[in-house]
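Notes to accompany the following structure.
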Amino acid sequence: MPVQVGGGKVAEPRARVELSPTAVADKGRASSKKTRRRQKKAAAAAAAAVAAPPPSPPAPVPAMQRLFDTSREVFAASSPGFVPPPDAVERLSSLLNDLKPHDVGINSSMPCFKHVDSKGPPRVTYLHFYDCSKFSFGIFCLPKSGVIPLHNHPGMTVFSKILFGSMHLKSYDWARSSPDSKDNTLENSDGARLAKVNTDAIFDASSETVVLYPENGGNLHCFTALTPCAVLDVMGPPYNRADGRDCAYYDESPYLSSCAVEVNNILGSKRFLAHLK
């Protein structure tokens with residue numbers, strides 16, 4: 001009932017709301033469900049973070065790309081007569097030592113390794129990959145009995161690696177009357193120059209990279225394939241006819257001289273000498 005005080009009317013008091021124990025319990029359960037859902041979501045997020053695979057490693061660089069990149073670095077300062085420093089020679093040689101035929105996309109069943117014309121000498125094929133003013137590289141493909149004649153590499157450093165097969169390699173350096181001389185060559189009356197054998201051996205795919213230099217290491221060489229074989233060459237700087245550095249081929253003749261004593265004192269046994277013209 002309303003109560004009046006001093007002529008004013010006061011509103012009736014509001015009814016008191018009583019919550020039953022069941023209602024309180026229902027409210028608590030609803031709150032607990034929300035908490036559990038939040039906990040489950042947090043646990044699922046944490047599990048997903050743990051289960052997420054680590055980032056994939058970068059794809060490996062293809063072998064030929066690594067060969068290009070390393071060659072470009074080794075021959076960055078290339079010019080006629082350039083010799084890379086020993087650590088650079090070792091780096092490029094190691095890379096070549098690890099190359100396999102499948103890395104460069106070749107195999108012995110390819111037509112260029114077959115001798116199809118029995119009437120003539122086997123044809124040697126050169127697969128060109130890259131060249132610039134600093135360096136070049138490519139693969140010589142030789143059928144069995146194929147020959148790359150004796151030739152020079154003027155002012156060049158050359159890395160050669162056999163990828164498969166076996167071959168006979170013979171190489172020379174120009175003989176000089178003084179080890180420190182670059183001009184005092186030994187020449188006979190008909191213009192043939194005296195050369196000293198550097199290498200005379202058989203090489204195969206298990207052999208390490210052969211490196212020749214502008215003045216030594218077998219700058220003049222010839223290959224004879226004992227089986228079908230492939231040889232990858234990296235050279236710098238490349239041949240340049242306009243620069244006076246074209247490839248020259250030579251005929252070999254035995255060393256015969258009445259001055260053998262003098263020459264032997266300078267160069268060693270004459271059986272390691274030949275005239276090249």
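Going through the structure tokens in order, the chains are called A, B, and so on, while each chain numbers its residues from 1 and the ligands are numbered from 1 in the order shown.
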_If DSSP is run on the backbone, what residues of stretch 38-161 of chain A are strand (DSSP E)? A reply as a PyMOL selection string would be ideal._
chain A and resi 125-131+136-142+147-151+157-161
Selection to disk with N, CA, C and O atoms, as a short mmCIF file (atom, residue, chain, number, x, y, z; two decimals), in the first residue's frame:
data_model
loop_
_atom_site.label_atom_id
_atom_site.label_comp_id
_atom_site.auth_asym_id
_atom_site.auth_seq_id
_atom_site.Cartn_x
_atom_site.Cartn_y
_atom_site.Cartn_z
N THR A 125 81.68 -33.02 -81.41
CA THR A 125 80.64 -32.00 -81.28
C THR A 125 80.92 -31.12 -80.07
O THR A 125 81.31 -31.62 -79.00
N TYR A 126 80.72 -29.82 -80.23
CA TYR A 126 80.87 -28.90 -79.11
C TYR A 126 79.50 -28.34 -78.74
O TYR A 126 78.81 -27.75 -79.56
N LEU A 127 79.09 -28.57 -77.48
CA LEU A 127 77.84 -28.03 -76.97
C LEU A 127 78.15 -26.73 -76.24
O LEU A 127 78.75 -26.73 -75.16
N HIS A 128 77.76 -25.63 -76.85
CA HIS A 128 78.09 -24.31 -76.31
C HIS A 128 77.04 -23.89 -75.27
O HIS A 128 75.85 -23.94 -75.52
N PHE A 129 77.52 -23.47 -74.09
CA PHE A 129 76.60 -23.03 -73.04
C PHE A 129 76.64 -21.53 -72.83
O PHE A 129 75.60 -20.90 -72.72
N TYR A 130 77.82 -20.95 -72.76
CA TYR A 130 77.90 -19.52 -72.44
C TYR A 130 79.25 -18.97 -72.83
O TYR A 130 80.27 -19.65 -72.76
N ASP A 131 79.25 -17.70 -73.27
CA ASP A 131 80.52 -17.00 -73.43
C ASP A 131 80.31 -15.50 -73.31
O ASP A 131 79.24 -14.98 -73.61
N SER A 136 84.18 -18.45 -70.93
CA SER A 136 83.18 -19.23 -71.66
C SER A 136 83.23 -20.66 -71.14
O SER A 136 84.22 -21.08 -70.54
N PHE A 137 82.13 -21.40 -71.37
CA PHE A 137 82.19 -22.83 -71.05
C PHE A 137 81.25 -23.61 -71.94
O PHE A 137 80.26 -23.10 -72.46
N GLY A 138 81.62 -24.88 -72.14
CA GLY A 138 80.86 -25.77 -72.99
C GLY A 138 81.40 -27.18 -72.85
O GLY A 138 82.35 -27.43 -72.10
N ILE A 139 80.81 -28.11 -73.60
CA ILE A 139 81.18 -29.53 -73.49
C ILE A 139 81.58 -30.07 -74.85
O ILE A 139 80.87 -29.89 -75.84
N PHE A 140 82.74 -30.73 -74.90
CA PHE A 140 83.18 -31.46 -76.08
C PHE A 140 82.68 -32.89 -75.98
O PHE A 140 82.90 -33.57 -74.98
N CYS A 141 81.97 -33.34 -77.02
CA CYS A 141 81.41 -34.69 -77.07
C CYS A 141 82.19 -35.49 -78.10
O CYS A 141 82.17 -35.17 -79.29
N LEU A 142 82.87 -36.53 -77.63
CA LEU A 142 83.73 -37.32 -78.51
C LEU A 142 83.24 -38.76 -78.59
O LEU A 142 83.13 -39.44 -77.56
N VAL A 147 89.11 -37.44 -81.95
CA VAL A 147 90.35 -36.74 -81.64
C VAL A 147 90.13 -35.23 -81.68
O VAL A 147 89.49 -34.71 -82.61
N ILE A 148 90.64 -34.54 -80.67
CA ILE A 148 90.79 -33.09 -80.72
C ILE A 148 92.28 -32.84 -80.93
O ILE A 148 93.09 -33.13 -80.05
N PRO A 149 92.66 -32.35 -82.12
CA PRO A 149 94.09 -32.23 -82.44
C PRO A 149 94.84 -31.29 -81.50
O PRO A 149 94.23 -30.50 -80.76
N LEU A 150 96.14 -31.39 -81.54
CA LEU A 150 97.01 -30.56 -80.71
C LEU A 150 96.77 -29.09 -81.03
O LEU A 150 96.88 -28.65 -82.17
N HIS A 151 96.45 -28.31 -80.00
CA HIS A 151 96.13 -26.89 -80.20
C HIS A 151 96.55 -26.10 -78.96
O HIS A 151 96.83 -26.67 -77.90
N THR A 157 93.60 -19.35 -69.16
CA THR A 157 93.55 -20.37 -68.12
C THR A 157 92.34 -21.24 -68.42
O THR A 157 91.25 -20.73 -68.66
N VAL A 158 92.55 -22.57 -68.43
CA VAL A 158 91.48 -23.49 -68.85
C VAL A 158 91.31 -24.60 -67.81
O VAL A 158 92.29 -25.23 -67.39
N PHE A 159 90.06 -24.83 -67.41
CA PHE A 159 89.69 -25.93 -66.52
C PHE A 159 88.99 -27.00 -67.37
O PHE A 159 88.00 -26.71 -68.04
N SER A 160 89.49 -28.24 -67.32
CA SER A 160 88.89 -29.33 -68.09
C SER A 160 88.51 -30.47 -67.16
O SER A 160 89.33 -30.93 -66.36
N LYS A 161 87.25 -30.94 -67.27
CA LYS A 161 86.78 -32.05 -66.44
C LYS A 161 86.06 -33.08 -67.30
O LYS A 161 85.12 -32.75 -68.04
#
_For A:Leu194: contacts at 6 Å, only C-alpha atoms, fewer than 4 positions along chain excluded, given as a PyMOL selection string_ = chain A and resi 175+186-187+274-275
_Every residue of stretch 64-275 of chain A that DSSP places in alpha helix (DSSP H), as an MDAnalysis selection string_ = chainID A and resid 64:74 86:97 260:267
*asked:* Just to confirm, what's the straight-line distance from atom CA of A:Asp246 to atom CA of A:Phe203 in Å (one decimal)?
replied: 26.7 Å
*Can you work out the spacing between atom CA of A:Gly105 and atom CA of A:Ala63 in Å, to one decimal?*
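These two atoms are separated by 10.5 Å.
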*A:Leu212 environment, 10 Å, only C-alpha atoms, sequence neighbours closer than 5 positions dropped, as number ranges by chain*: A: 83, 153, 156-160, 171, 173, 217-221, 235
Export, as a PDB file, in the first residue's frame, the selected residues with C-alpha atoms.
ATOM      1  CA  VAL A  83      95.866 -16.429 -63.730  1.00  0.00           C
ATOM      2  CA  HIS A 153      95.267 -21.570 -75.574  1.00  0.00           C
ATOM      3  CA  MET A 156      94.244 -18.393 -71.272  1.00  0.00           C
ATOM      4  CA  THR A 157      93.551 -20.375 -68.120  1.00  0.00           C
ATOM      5  CA  VAL A 158      91.480 -23.485 -68.845  1.00  0.00           C
ATOM      6  CA  PHE A 159      89.686 -25.929 -66.524  1.00  0.00           C
ATOM      7  CA  SER A 160      88.889 -29.333 -68.090  1.00  0.00           C
ATOM      8  CA  SER A 171     100.022 -31.752 -73.362  1.00  0.00           C
ATOM      9  CA  ASP A 173     104.469 -26.204 -72.766  1.00  0.00           C
ATOM     10  CA  GLY A 217     100.398 -26.591 -67.000  1.00  0.00           C
ATOM     11  CA  GLY A 218     100.194 -27.961 -70.557  1.00  0.00           C
ATOM     12  CA  ASN A 219      98.907 -24.973 -72.515  1.00  0.00           C
ATOM     13  CA  LEU A 220      99.061 -26.990 -75.746  1.00  0.00           C
ATOM     14  CA  HIS A 221      97.143 -30.243 -75.640  1.00  0.00           C
ATOM     15  CA  MET A 235      88.223 -21.003 -70.133  1.00  0.00           C
TER      16      MET A 235
END
*May I ask for the distance between atom CA of A:Leu163 and atom CA of A:Cys222, given in Å to one decimal place?*
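Distance between the two atoms: 17.1 Å.
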*All residues 12 Å or closer to A:Ser133, only C-alpha atoms, same chain fewer than 2 positions away omitted, as an MDAnalysis selection string*: chainID A and resid 72 75:80 130:131 135:137 235:240 243
